[in-house]
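S.K.: Take a look at model15.pdb, PDB, C-alpha atoms:
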```pdb
ATOM      1  CA  PHE J   5      23.012  19.786  -4.748
ATOM      2  CA  THR J   6      20.595  22.615  -3.872
ATOM      3  CA  GLY J   7      17.572  23.979  -5.653
ATOM      4  CA  GLY J   8      19.720  26.686  -7.212
ATOM      5  CA  CYS J   9      21.459  28.796  -4.557
ATOM      6  CA  LEU J  10      25.247  28.975  -4.504
ATOM      7  CA  VAL J  11      25.474  30.403  -0.986
ATOM      8  CA  ARG J  12      23.138  28.831   1.573
ATOM      9  CA  TYR J  13      23.637  31.038   4.661
ATOM     10  CA  GLY J  14      22.991  27.986   6.829
ATOM     11  CA  CYS J  15      19.812  26.846   5.048
ATOM     12  CA  THR J  16      19.333  23.064   5.210
ATOM     13  CA  LYS J  17      16.185  22.654   3.101
ATOM     14  CA  TYR J  18      18.268  20.920   0.404
ATOM     15  CA  GLU J  19      18.586  17.972   2.799
ATOM     16  CA  ASN J  20      14.940  17.090   2.141
ATOM     17  CA  GLN J  21      13.253  19.112  -0.584
ATOM     18  CA  CYS J  22      13.737  22.775  -1.395
ATOM     19  CA  GLY J  23      10.783  25.151  -1.451
ATOM     20  CA  CYS J  24       9.673  28.330   0.324
ATOM     21  CA  CYS J  25      13.125  29.581  -0.659
ATOM     22  CA  ASP J  26      14.433  32.536   1.330
ATOM     23  CA  MET J  27      16.900  33.371  -1.446
ATOM     24  CA  ILE J  28      14.082  34.247  -3.842
ATOM     25  CA  GLN J  29      11.781  35.416  -1.022
ATOM     26  CA  SER J  30       9.249  32.724  -1.824
ATOM     27  CA  LYS J  31       6.463  31.447   0.436
ATOM     28  CA  LYS J  32       5.417  28.713  -1.996
ATOM     29  CA  GLU J  33       6.417  25.102  -1.402
ATOM     30  CA  ASN J  34       6.256  24.364  -5.122
ATOM     31  CA  ASP J  35       8.495  27.292  -6.117
ATOM     32  CA  LEU J  36      11.425  27.530  -8.522
ATOM     33  CA  SER J  37      13.907  25.995  -6.043
ATOM     34  CA  TYR J  38      11.567  23.021  -5.533
ATOM     35  CA  GLN J  39      11.178  22.514  -9.304
ATOM     36  CA  ILE J  40      14.929  22.749  -9.966
ATOM     37  CA  LEU J  41      15.819  20.206  -7.284
ATOM     38  CA  LYS J  42      13.062  17.893  -8.558
ATOM     39  CA  LYS J  43      14.527  18.032 -12.074
ATOM     40  CA  LYS J  44      18.005  17.371 -10.749
ATOM     41  CA  LYS J  45      16.776  14.285  -8.875
ATOM     42  CA  LYS J  46      15.228  12.950 -12.080
ATOM     43  CA  PHE J  47      18.355  13.687 -14.131
ATOM     44  CA  PHE J  48      20.824  12.183 -11.629
ATOM     45  CA  LYS J  49      18.730   9.125 -10.776
ATOM     46  CA  ASP J  50      20.849   5.963 -10.471
ATOM     47  CA  ASN J  51      24.074   7.860 -11.187
ATOM     48  CA  SER J  52      27.446   6.484 -10.086
ATOM     49  CA  ILE J  53      29.327   9.765  -9.745
ATOM     50  CA  THR J  54      32.170  10.036  -7.235
ATOM     51  CA  PHE J  55      32.301  13.547  -5.810
ATOM     52  CA  ILE J  56      35.407  15.386  -4.663
ATOM     53  CA  ALA J  57      34.731  17.861  -1.864
ATOM     54  CA  PRO J  58      37.457  20.456  -1.143
ATOM     55  CA  SER J  59      36.589  20.722   2.573
ATOM     56  CA  SER J  60      35.161  18.585   5.355
ATOM     57  CA  TRP J  61      32.220  21.014   5.577
ATOM     58  CA  MET J  62      31.425  20.529   1.883
ATOM     59  CA  MET J  63      31.775  16.764   2.219
ATOM     60  CA  GLU J  64      29.272  16.703   5.081
ATOM     61  CA  SER J  65      26.929  18.961   3.101
ATOM     62  CA  ILE J  66      26.943  16.550   0.151
ATOM     63  CA  LYS J  67      26.450  13.589   2.489
ATOM     64  CA  ASN J  68      23.413  15.304   3.990
ATOM     65  CA  SER J  69      21.903  16.303   0.657
ATOM     66  CA  ASN J  70      18.756  14.632  -0.647
ATOM     67  CA  LEU J  71      20.314  14.546  -4.104
ATOM     68  CA  PHE J  72      23.685  12.860  -3.560
ATOM     69  CA  HIS J  73      23.656  11.278  -0.091
ATOM     70  CA  THR J  74      24.076   7.770  -1.553
ATOM     71  CA  ASN J  75      27.109   8.713  -3.651
ATOM     72  CA  ARG J  76      30.758   8.175  -2.852
ATOM     73  CA  ILE J  77      32.327  11.386  -1.588
ATOM     74  CA  VAL J  78      36.065  11.951  -1.182
ATOM     75  CA  MET J  79      37.676  14.990   0.391
ATOM     76  CA  ILE J  80      40.602  16.453  -1.560
ATOM     77  CA  PRO J  81      41.377  20.141  -0.943
ATOM     78  CA  ASN J  82      42.176  22.683  -3.612
ATOM     79  CA  ALA J  83      45.854  23.167  -4.386
ATOM     80  CA  ILE J  84      48.007  26.285  -4.312
ATOM     81  CA  ASP J  85      51.310  27.205  -5.945
ATOM     82  CA  THR J  86      53.456  27.682  -2.845
ATOM     83  CA  ASP J  87      56.326  29.043  -4.960
ATOM     84  CA  LYS J  88      54.229  31.947  -6.217
ATOM     85  CA  TYR J  89      52.504  32.527  -2.895
ATOM     86  CA  ARG J  90      55.427  32.781  -0.497
ATOM     87  CA  PRO J  91      56.877  35.344   1.915
ATOM     88  CA  LEU J  92      58.753  38.008  -0.034
ATOM     89  CA  ASN J  93      61.826  39.976   1.009
ATOM     90  CA  GLU J  94      62.022  43.758   1.319
ATOM     91  CA  LEU J  95      63.353  44.263  -2.223
ATOM     92  CA  GLU J  96      60.572  42.118  -3.712
ATOM     93  CA  LEU J  97      57.999  44.121  -1.742
ATOM     94  CA  LYS J  98      59.427  47.350  -3.113
ATOM     95  CA  ASN J  99      59.473  46.050  -6.693
ATOM     96  CA  ASN J 100      55.909  44.661  -6.621
ATOM     97  CA  ILE J 101      53.918  47.240  -4.655
ATOM     98  CA  GLY J 102      56.371  50.082  -4.114
ATOM     99  CA  LEU J 103      56.320  49.703  -0.328
ATOM    100  CA  ASN J 104      58.380  48.183   2.426
ATOM    101  CA  LYS J 105      56.884  46.733   5.586
ATOM    102  CA  TRP J 106      55.415  49.511   7.744
ATOM    103  CA  LYS J 107      56.650  48.334  11.124
ATOM    104  CA  GLN J 108      55.263  51.279  13.092
ATOM    105  CA  ASN J 109      51.678  50.475  12.055
ATOM    106  CA  ILE J 110      49.282  47.557  12.395
ATOM    107  CA  ASN J 111      48.618  46.616   8.781
ATOM    108  CA  ILE J 112      45.423  44.635   8.221
ATOM    109  CA  LEU J 113      44.183  43.165   4.940
ATOM    110  CA  PHE J 114      40.591  42.592   3.847
ATOM    111  CA  GLY J 115      39.667  41.435   0.372
ATOM    112  CA  ALA J 116      37.141  39.841  -1.969
ATOM    113  CA  GLY J 117      36.553  39.745  -5.710
ATOM    114  CA  ASP J 118      33.771  42.258  -5.084
ATOM    115  CA  ILE J 119      33.467  43.503  -1.514
ATOM    116  CA  ARG J 120      29.764  44.285  -1.981
ATOM    117  CA  ILE J 121      28.958  40.539  -2.025
ATOM    118  CA  PRO J 122      27.053  40.154   1.274
ATOM    119  CA  TYR J 123      28.498  36.831   2.412
ATOM    120  CA  LYS J 124      32.079  38.179   2.274
ATOM    121  CA  GLY J 125      31.258  40.100   5.439
ATOM    122  CA  MET J 126      32.072  43.745   4.699
ATOM    123  CA  GLU J 127      29.324  44.913   7.088
ATOM    124  CA  TYR J 128      30.816  42.758   9.848
ATOM    125  CA  LEU J 129      34.244  44.230   9.137
ATOM    126  CA  LYS J 130      32.786  47.715   9.675
ATOM    127  CA  GLN J 131      31.129  46.649  12.921
ATOM    128  CA  LEU J 132      34.375  45.029  14.057
ATOM    129  CA  LEU J 133      36.559  48.052  13.375
ATOM    130  CA  LYS J 134      34.056  50.393  14.973
ATOM    131  CA  TYR J 135      34.065  48.143  18.050
ATOM    132  CA  VAL J 136      37.885  48.123  18.119
ATOM    133  CA  LYS J 137      37.947  51.910  17.849
ATOM    134  CA  GLU J 138      35.598  52.194  20.834
ATOM    135  CA  THR J 139      37.100  49.491  23.065
ATOM    136  CA  LYS J 140      40.771  49.282  22.036
ATOM    137  CA  PRO J 141      41.764  52.859  21.061
ATOM    138  CA  ASP J 142      45.519  52.197  21.397
ATOM    139  CA  ILE J 143      45.290  49.454  18.758
ATOM    140  CA  ALA J 144      42.858  51.396  16.567
ATOM    141  CA  SER J 145      45.189  54.409  16.389
ATOM    142  CA  LYS J 146      47.861  52.262  14.691
ATOM    143  CA  ILE J 147      45.644  50.446  12.176
ATOM    144  CA  VAL J 148      46.188  50.834   8.446
ATOM    145  CA  LEU J 149      43.500  48.956   6.515
ATOM    146  CA  HIS J 150      44.406  47.540   3.099
ATOM    147  CA  ILE J 151      41.427  46.574   0.924
ATOM    148  CA  VAL J 152      41.577  44.466  -2.251
ATOM    149  CA  GLY J 153      38.707  43.922  -4.677
ATOM    150  CA  GLU J 154      36.235  45.730  -6.858
ATOM    151  CA  ASN J 155      33.961  48.507  -5.539
ATOM    152  CA  ASN J 156      36.131  49.065  -2.505
ATOM    153  CA  ASN J 157      35.973  52.810  -1.898
ATOM    154  CA  ASP J 158      34.041  53.034   1.372
ATOM    155  CA  ARG J 159      33.618  56.454   2.988
ATOM    156  CA  GLU J 160      32.585  55.022   6.373
ATOM    157  CA  LEU J 161      35.876  53.132   6.716
ATOM    158  CA  MET J 162      37.893  56.073   5.450
ATOM    159  CA  ASP J 163      36.402  58.237   8.174
ATOM    160  CA  MET J 164      37.484  55.747  10.851
ATOM    161  CA  PHE J 165      40.931  54.597   9.697
ATOM    162  CA  LYS J 166      43.717  55.173   7.263
ATOM    163  CA  CYS J 167      42.737  53.046   4.256
ATOM    164  CA  VAL J 168      44.736  51.922   1.250
ATOM    165  CA  TYR J 169      42.555  50.799  -1.661
ATOM    166  CA  TRP J 170      44.331  48.482  -4.078
ATOM    167  CA  GLY J 171      41.471  47.710  -6.457
ATOM    168  CA  TYR J 172      41.192  44.301  -8.082
ATOM    169  CA  ILE J 173      44.550  42.498  -8.283
ATOM    170  CA  ASN J 174      45.054  39.499 -10.572
ATOM    171  CA  GLU J 175      48.869  39.254 -10.448
ATOM    172  CA  PRO J 176      49.983  36.566  -7.952
ATOM    173  CA  GLU J 177      53.314  38.327  -7.357
ATOM    174  CA  LYS J 178      51.591  41.565  -6.382
ATOM    175  CA  MET J 179      49.152  39.745  -4.108
ATOM    176  CA  ALA J 180      52.026  37.825  -2.488
ATOM    177  CA  ALA J 181      53.715  41.159  -1.818
ATOM    178  CA  LEU J 182      50.568  42.554  -0.229
ATOM    179  CA  TYR J 183      50.088  39.460   1.948
ATOM    180  CA  THR J 184      53.712  39.827   3.065
ATOM    181  CA  LEU J 185      53.309  43.534   3.752
ATOM    182  CA  VAL J 186      50.417  43.186   6.206
ATOM    183  CA  ASP J 187      50.582  41.812   9.730
ATOM    184  CA  PHE J 188      47.450  39.690   9.372
ATOM    185  CA  MET J 189      44.284  39.359   7.335
ATOM    186  CA  ILE J 190      40.697  39.603   8.562
ATOM    187  CA  TYR J 191      38.260  37.409   6.645
ATOM    188  CA  PRO J 192      34.748  37.805   8.135
ATOM    189  CA  SER J 193      33.008  35.536   5.606
ATOM    190  CA  LEU J 194      29.571  34.227   6.558
ATOM    191  CA  ASP J 195      29.555  31.164   4.292
ATOM    192  CA  ASP J 196      32.612  29.784   2.505
ATOM    193  CA  ASN J 197      34.054  26.500   1.308
ATOM    194  CA  LEU J 198      37.859  26.762   1.217
ATOM    195  CA  PRO J 199      38.606  30.437   0.496
ATOM    196  CA  ASN J 200      41.563  31.066  -1.790
ATOM    197  CA  MET J 201      42.509  34.290  -0.014
ATOM    198  CA  ILE J 202      42.946  32.534   3.324
ATOM    199  CA  MET J 203      45.107  29.849   1.732
ATOM    200  CA  GLU J 204      47.156  32.430  -0.179
ATOM    201  CA  SER J 205      47.682  34.556   2.925
ATOM    202  CA  MET J 206      48.788  31.563   4.997
ATOM    203  CA  SER J 207      51.091  30.408   2.204
ATOM    204  CA  CYS J 208      52.748  33.839   2.337
ATOM    205  CA  GLY J 209      53.327  33.432   6.069
ATOM    206  CA  THR J 210      50.551  35.790   7.150
ATOM    207  CA  PRO J 211      48.038  34.614   9.784
ATOM    208  CA  VAL J 212      44.290  35.084   9.341
ATOM    209  CA  ILE J 213      41.404  35.947  11.670
ATOM    210  CA  ALA J 214      38.081  34.514  10.516
ATOM    211  CA  PHE J 215      34.737  33.244  11.728
ATOM    212  CA  ARG J 216      34.445  29.537  12.534
ATOM    213  CA  VAL J 217      32.270  28.672   9.538
ATOM    214  CA  GLY J 218      32.235  26.436   6.459
ATOM    215  CA  GLY J 219      35.567  24.941   5.454
ATOM    216  CA  ILE J 220      37.637  27.665   7.123
ATOM    217  CA  PRO J 221      38.407  25.558  10.256
ATOM    218  CA  ASP J 222      40.120  23.030   7.953
ATOM    219  CA  MET J 223      42.777  25.658   7.266
ATOM    220  CA  ILE J 224      43.026  27.774  10.411
ATOM    221  CA  ASP J 225      44.090  25.983  13.574
ATOM    222  CA  HIS J 226      42.884  28.215  16.395
ATOM    223  CA  LYS J 227      45.738  30.029  18.159
ATOM    224  CA  LYS J 228      48.314  27.928  16.306
ATOM    225  CA  ASN J 229      48.430  29.568  12.873
ATOM    226  CA  GLY J 230      45.599  32.113  13.174
ATOM    227  CA  TYR J 231      42.433  32.868  15.101
ATOM    228  CA  LEU J 232      38.918  31.424  14.717
ATOM    229  CA  ALA J 233      36.182  33.629  16.171
ATOM    230  CA  GLU J 234      32.734  32.343  16.996
ATOM    231  CA  TYR J 235      30.267  32.904  14.153
ATOM    232  CA  LYS J 236      29.200  36.561  13.815
ATOM    233  CA  ASN J 237      30.777  37.348  17.202
ATOM    234  CA  ILE J 238      32.372  40.766  16.761
ATOM    235  CA  SER J 239      33.828  40.995  20.275
ATOM    236  CA  ASP J 240      35.512  37.594  19.854
ATOM    237  CA  MET J 241      37.013  38.706  16.549
ATOM    238  CA  ALA J 242      38.259  41.889  18.234
ATOM    239  CA  GLU J 243      39.906  39.728  20.885
ATOM    240  CA  GLY J 244      41.499  37.840  18.011
ATOM    241  CA  ILE J 245      43.107  41.042  16.738
ATOM    242  CA  GLU J 246      44.615  41.768  20.132
ATOM    243  CA  TRP J 247      45.645  38.126  20.627
ATOM    244  CA  ILE J 248      47.513  37.967  17.309
ATOM    245  CA  ILE J 249      49.267  41.278  17.973
ATOM    246  CA  MET J 250      50.429  39.980  21.361
ATOM    247  CA  ASN J 251      51.310  36.422  20.264
ATOM    248  CA  ASN J 252      52.914  36.653  16.840
ATOM    249  CA  THR J 253      56.469  37.372  18.002
ATOM    250  CA  TYR J 254      58.984  36.628  15.226
ATOM    251  CA  ASN J 255      55.947  35.773  13.076
ATOM    252  CA  ARG J 256      55.481  32.486  14.939
ATOM    253  CA  LEU J 257      51.892  32.157  13.722
ATOM    254  CA  GLY J 258      52.848  33.033  10.159
ATOM    255  CA  LEU J 259      55.526  30.339  10.063
ATOM    256  CA  GLU J 260      52.992  27.778  11.293
ATOM    257  CA  ALA J 261      50.518  28.998   8.654
ATOM    258  CA  ARG J 262      53.056  28.551   5.874
ATOM    259  CA  LYS J 263      53.895  25.049   7.133
ATOM    260  CA  LYS J 264      50.186  24.097   7.244
ATOM    261  CA  VAL J 265      49.752  25.063   3.590
ATOM    262  CA  ILE J 266      52.907  23.311   2.369
ATOM    263  CA  ASP J 267      52.012  20.131   4.257
ATOM    264  CA  ASN J 268      48.359  20.026   3.183
ATOM    265  CA  TYR J 269      47.671  22.100   0.061
ATOM    266  CA  SER J 270      50.800  22.162  -2.091
ATOM    267  CA  GLU J 271      50.334  21.083  -5.711
ATOM    268  CA  GLU J 272      52.429  17.928  -5.422
ATOM    269  CA  ILE J 273      50.442  16.601  -2.458
ATOM    270  CA  ILE J 274      47.028  17.399  -3.959
ATOM    271  CA  ALA J 275      47.983  16.006  -7.391
ATOM    272  CA  ARG J 276      49.031  12.736  -5.739
ATOM    273  CA  LYS J 277      45.641  12.440  -4.037
ATOM    274  CA  HIS J 278      43.814  12.959  -7.346
ATOM    275  CA  ILE J 279      45.998  10.338  -9.050
ATOM    276  CA  GLU J 280      45.334   7.825  -6.276
ATOM    277  CA  LEU J 281      41.588   8.373  -6.559
ATOM    278  CA  TYR J 282      41.747   8.129 -10.354
ATOM    279  CA  LYS J 283      43.573   4.792 -10.145
ATOM    280  CA  THR J 284      40.973   3.474  -7.705
ATOM    281  CA  LEU J 285      38.148   4.461 -10.045
ATOM    282  CA  LEU J 286      39.892   2.848 -13.016
ATOM    283  CA  ASN J 287      40.340  -0.390 -11.057
ATOM    284  CA  ASN J 288      36.630  -0.418 -10.244
ATOM    285  CA  VAL J 289      35.765   0.070 -13.926
ATOM    286  CA  ASP J 290      38.067  -2.800 -14.914
ATOM    287  CA  LEU J 291      36.468  -5.082 -12.291
ATOM    288  CA  HIS J 292      33.002  -4.332 -13.656
ATOM    289  CA  ARG J 293      34.145  -5.232 -17.179
ATOM    290  CA  MET J 294      35.505  -8.652 -16.168
TER     291      MET J 294
END
```
Once you've parsed the file, please lay out its structure as structure tokens.
M.R.:
Amino acid sequence: FTGGCLVRYGCTKYENQCGCCDMIQSKKENDLSYQILKKKKKFFKDNSITFIAPSSWMMESIKNSNLFHTNRIVMIPNAIDTDKYRPLNELELKNNIGLNKWKQNINILFGAGDIRIPYKGMEYLKQLLKYVKETKPDIASKIVLHIVGENNNDRELMDMFKCVYWGYINEPEKMAALYTLVDFMIYPSLDDNLPNMIMESMSCGTPVIAFRVGGIPDMIDHKKNGYLAEYKNISDMAEGIEWIIMNNTYNRLGLEARKKVIDNYSEEIIARKHIELYKTLLNNVDLHRM
């Protein structure tokens, strides 16, 4: 529903008419983004599409768009296999990643398909950990940072903390083991719909610290199953680290996270919602034919 960008970084020009696009560093009103959105409006004129938005943030974005604001929009989240993404026992950890839980350390996970992608927040992770090292040295001395994704060998982080680089992982069992191994995940994304990694981590009983942005607040209930920091607020996110360490006795937050996923994102529940919508659409088609 935009003039071409996949990540908007808060831009709302799509609500009226794109142009002067920051993504392509354009100062022209009649630029490529303007032309693309104009063509889309012509192509989708008088359409009767029902859109499924995976998050409340995405649903509101579609409602506000110039292109599809008159369409029907239904929110149905993405589903997850809660049998594959589940808390693993010590033997399963050992078999999948060759490690048991390192109880003497504070194990933190950060990941992305490619950590160089700007909106995944690697630069904010660096700022955060530097801030923690300066203001919370007792916590920083215990941190072991686990990083998943391509291009993840970062000298600056290695100089600050003990880092374990796992590369790109595409085996669910191995990822479930890694989620189980760590104490919590930090996900400093700047613009995201309903991130799979947050859902997977929560499904494995591991709480997440993230910025309050996009569809993330749909998943993380602040101080119930994780921690939502104010957008781009490094000190708040650092407080989140300390808060989770102090308040996750017996993995209370992780258990709540797992329950949230099972109750809201399991395959059976999401499939039922799609079937109900499909039946409604079929009934409408039949009524029009009568």
S.K.: Name the residues in contact with region 76-89 of chain J at a cut-off of 7 Å, using all atoms listed in the file, excluding same-chain residues fewer than 3 positions from it; report them as a list in words.
M.R.: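 Using all atoms listed in the file, the neighbours found are Thr54, Phe55, Ile56, Ala57, Pro58, Ser59, Ser60, Met63, Pro176, Glu177, Ala180, Glu204, Ser207, Cys208, Ile266, Tyr269, Ser270, Glu271, Ile274 and Lys277 of chain J.
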S.K.: What's around Lys17 (chain J) at 12 Å? Count all atoms listed in the file, leave out sequence neighbours fewer than 6 positions away in its own chain, and write the answer as a CSV table (one decimal) with C-alpha atoms, in the frame of the given file.
M.R.:
```csv
chain,number,residue,atom,x,y,z
J,5,PHE,CA,23.0,19.8,-4.7
J,6,THR,CA,20.6,22.6,-3.9
J,7,GLY,CA,17.6,24.0,-5.7
J,8,GLY,CA,19.7,26.7,-7.2
J,9,CYS,CA,21.5,28.8,-4.6
J,23,GLY,CA,10.8,25.2,-1.5
J,24,CYS,CA,9.7,28.3,0.3
J,25,CYS,CA,13.1,29.6,-0.7
J,26,ASP,CA,14.4,32.5,1.3
J,27,MET,CA,16.9,33.4,-1.4
J,33,GLU,CA,6.4,25.1,-1.4
J,37,SER,CA,13.9,26.0,-6.0
J,38,TYR,CA,11.6,23.0,-5.5
J,41,LEU,CA,15.8,20.2,-7.3
J,65,SER,CA,26.9,19.0,3.1
J,68,ASN,CA,23.4,15.3,4.0
J,69,SER,CA,21.9,16.3,0.7
J,70,ASN,CA,18.8,14.6,-0.6
J,71,LEU,CA,20.3,14.5,-4.1
```
S.K.: Give me, please, the distance in Å between CA of Leu92 (chain J) and CA of Ile143 (chain J), quoted to one decimal.
M.R.: 25.8 Å
S.K.: Rank nothing, just name the residue among J:Ala242, J:Phe72, J:Glu154, J:Gly219 nearest to Lys137 (chain J), using all atoms listed in the file.
M.R.: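 Using all atoms listed in the file, the shortest distance to Lys137 (chain J) belongs to J:Ala242.
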S.K.: By how many Å are CA of Leu194 (chain J) and CA of Gly115 (chain J) apart?
M.R.: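 Result for CA of Leu194 (chain J) versus CA of Gly115 (chain J): 13.9 Å, one decimal.
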S.K.: What would the selection look like, as a tab-separated table (two decimals) with C-alpha atoms, in the coordinates of the input, if the PyMOL selection byres ((chain J and resi 214) around 7) were run on the coordinates I just shared?
M.R.:
```
chain	number	residue	atom	x	y	z
J	190	ILE	CA	40.70	39.60	8.56
J	191	TYR	CA	38.26	37.41	6.64
J	192	PRO	CA	34.75	37.80	8.14
J	212	VAL	CA	44.29	35.08	9.34
J	213	ILE	CA	41.40	35.95	11.67
J	215	PHE	CA	34.74	33.24	11.73
J	216	ARG	CA	34.44	29.54	12.53
J	231	TYR	CA	42.43	32.87	15.10
J	232	LEU	CA	38.92	31.42	14.72
J	233	ALA	CA	36.18	33.63	16.17
```
S.K.: Evaluate the PyMOL selection byres ((chain J and resi 210) around 9) and record the selected residues as a PyMOL selection string, following the chain and residue labels used in the document.
M.R.: chain J and resi 91+183-189+204-209+211-212+229-230+255+257-259+261-262
S.K.: Where does the PyMOL selection byres ((chain J and resi 166-168) around 6) land in this file, that is, which residues does it pick, as a list in words?
M.R.: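 Listing what the PyMOL selection byres ((chain J and resi 166-168) around 6) selects in the shown file: Val148, Leu149, His150, Met162, Phe165 and Tyr169 of chain J.
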S.K.: Could the residues in this selection be written to a file with C-alpha atoms, as a PDB file, in the coordinates of the input?
M.R.:
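Below is the file out_32.pdb, written as the result:
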```pdb
ATOM      1  CA  VAL J 148      46.188  50.834   8.446  1.00  0.00           C
ATOM      2  CA  LEU J 149      43.500  48.956   6.515  1.00  0.00           C
ATOM      3  CA  HIS J 150      44.406  47.540   3.099  1.00  0.00           C
ATOM      4  CA  MET J 162      37.893  56.073   5.450  1.00  0.00           C
ATOM      5  CA  PHE J 165      40.931  54.597   9.697  1.00  0.00           C
ATOM      6  CA  TYR J 169      42.555  50.799  -1.661  1.00  0.00           C
TER       7      TYR J 169
END
```
S.K.: For Leu285 (chain J), which residue among J:Ile53, J:Ile40, J:Ile112, J:Val152 is the nearest when counting only C-alpha atoms?
M.R.: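 Ranking J:Ile53, J:Ile40, J:Ile112, J:Val152 by distance to Leu285 (chain J), first place goes to J:Ile53.
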S.K.: Any idea what the distance is between CA of Ser30 (chain J) and CA of Gly14 (chain J)?
M.R.: 16.9 Å
S.K.: Pick from J:Ile147, J:Leu281, J:Ala275, J:Met201: nearest to Ile173 (chain J), with only C-alpha atoms counted?
M.R.: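 Once distances to Ile173 (chain J) are computed over only C-alpha atoms, the minimum belongs to J:Met201.
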S.K.: Go through J:Thr74, J:Gln21, J:Thr16, J:Gln39 and flag the residue nearest Ser52 (chain J), using only C-alpha atoms for the distances.
M.R.: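 With only C-alpha atoms as the atom set, the closest residue is J:Thr74.
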S.K.: Check the smallest atom-to-atom distance from each of J:Thr139, J:Asn268, J:Asn174, J:Asn252 to Ile238 (chain J) using only C-alpha atoms, then report the winner.
M.R.: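 The closest residue to Ile238 (chain J) is J:Thr139.
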S.K.: Work out where the centre of an axis-aligned box around every listed atom of region 195-212 of chain J lies and how long its edges are once 3 Å is added on each side; give both in Å to one decimal as JSON.
M.R.:
```
{"center_x": 41.4, "center_y": 31.1, "center_z": 4.0, "size_x": 29.8, "size_y": 15.3, "size_z": 17.6}
```
S.K.: Under the rule that all atoms listed in the file are counted, which of J:Leu182, J:Asn20, J:Arg159, J:Lys236 is the nearest residue to Lys98 (chain J)?
M.R.: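 Among J:Leu182, J:Asn20, J:Arg159, J:Lys236, it is J:Leu182 that comes nearest to Lys98 (chain J).
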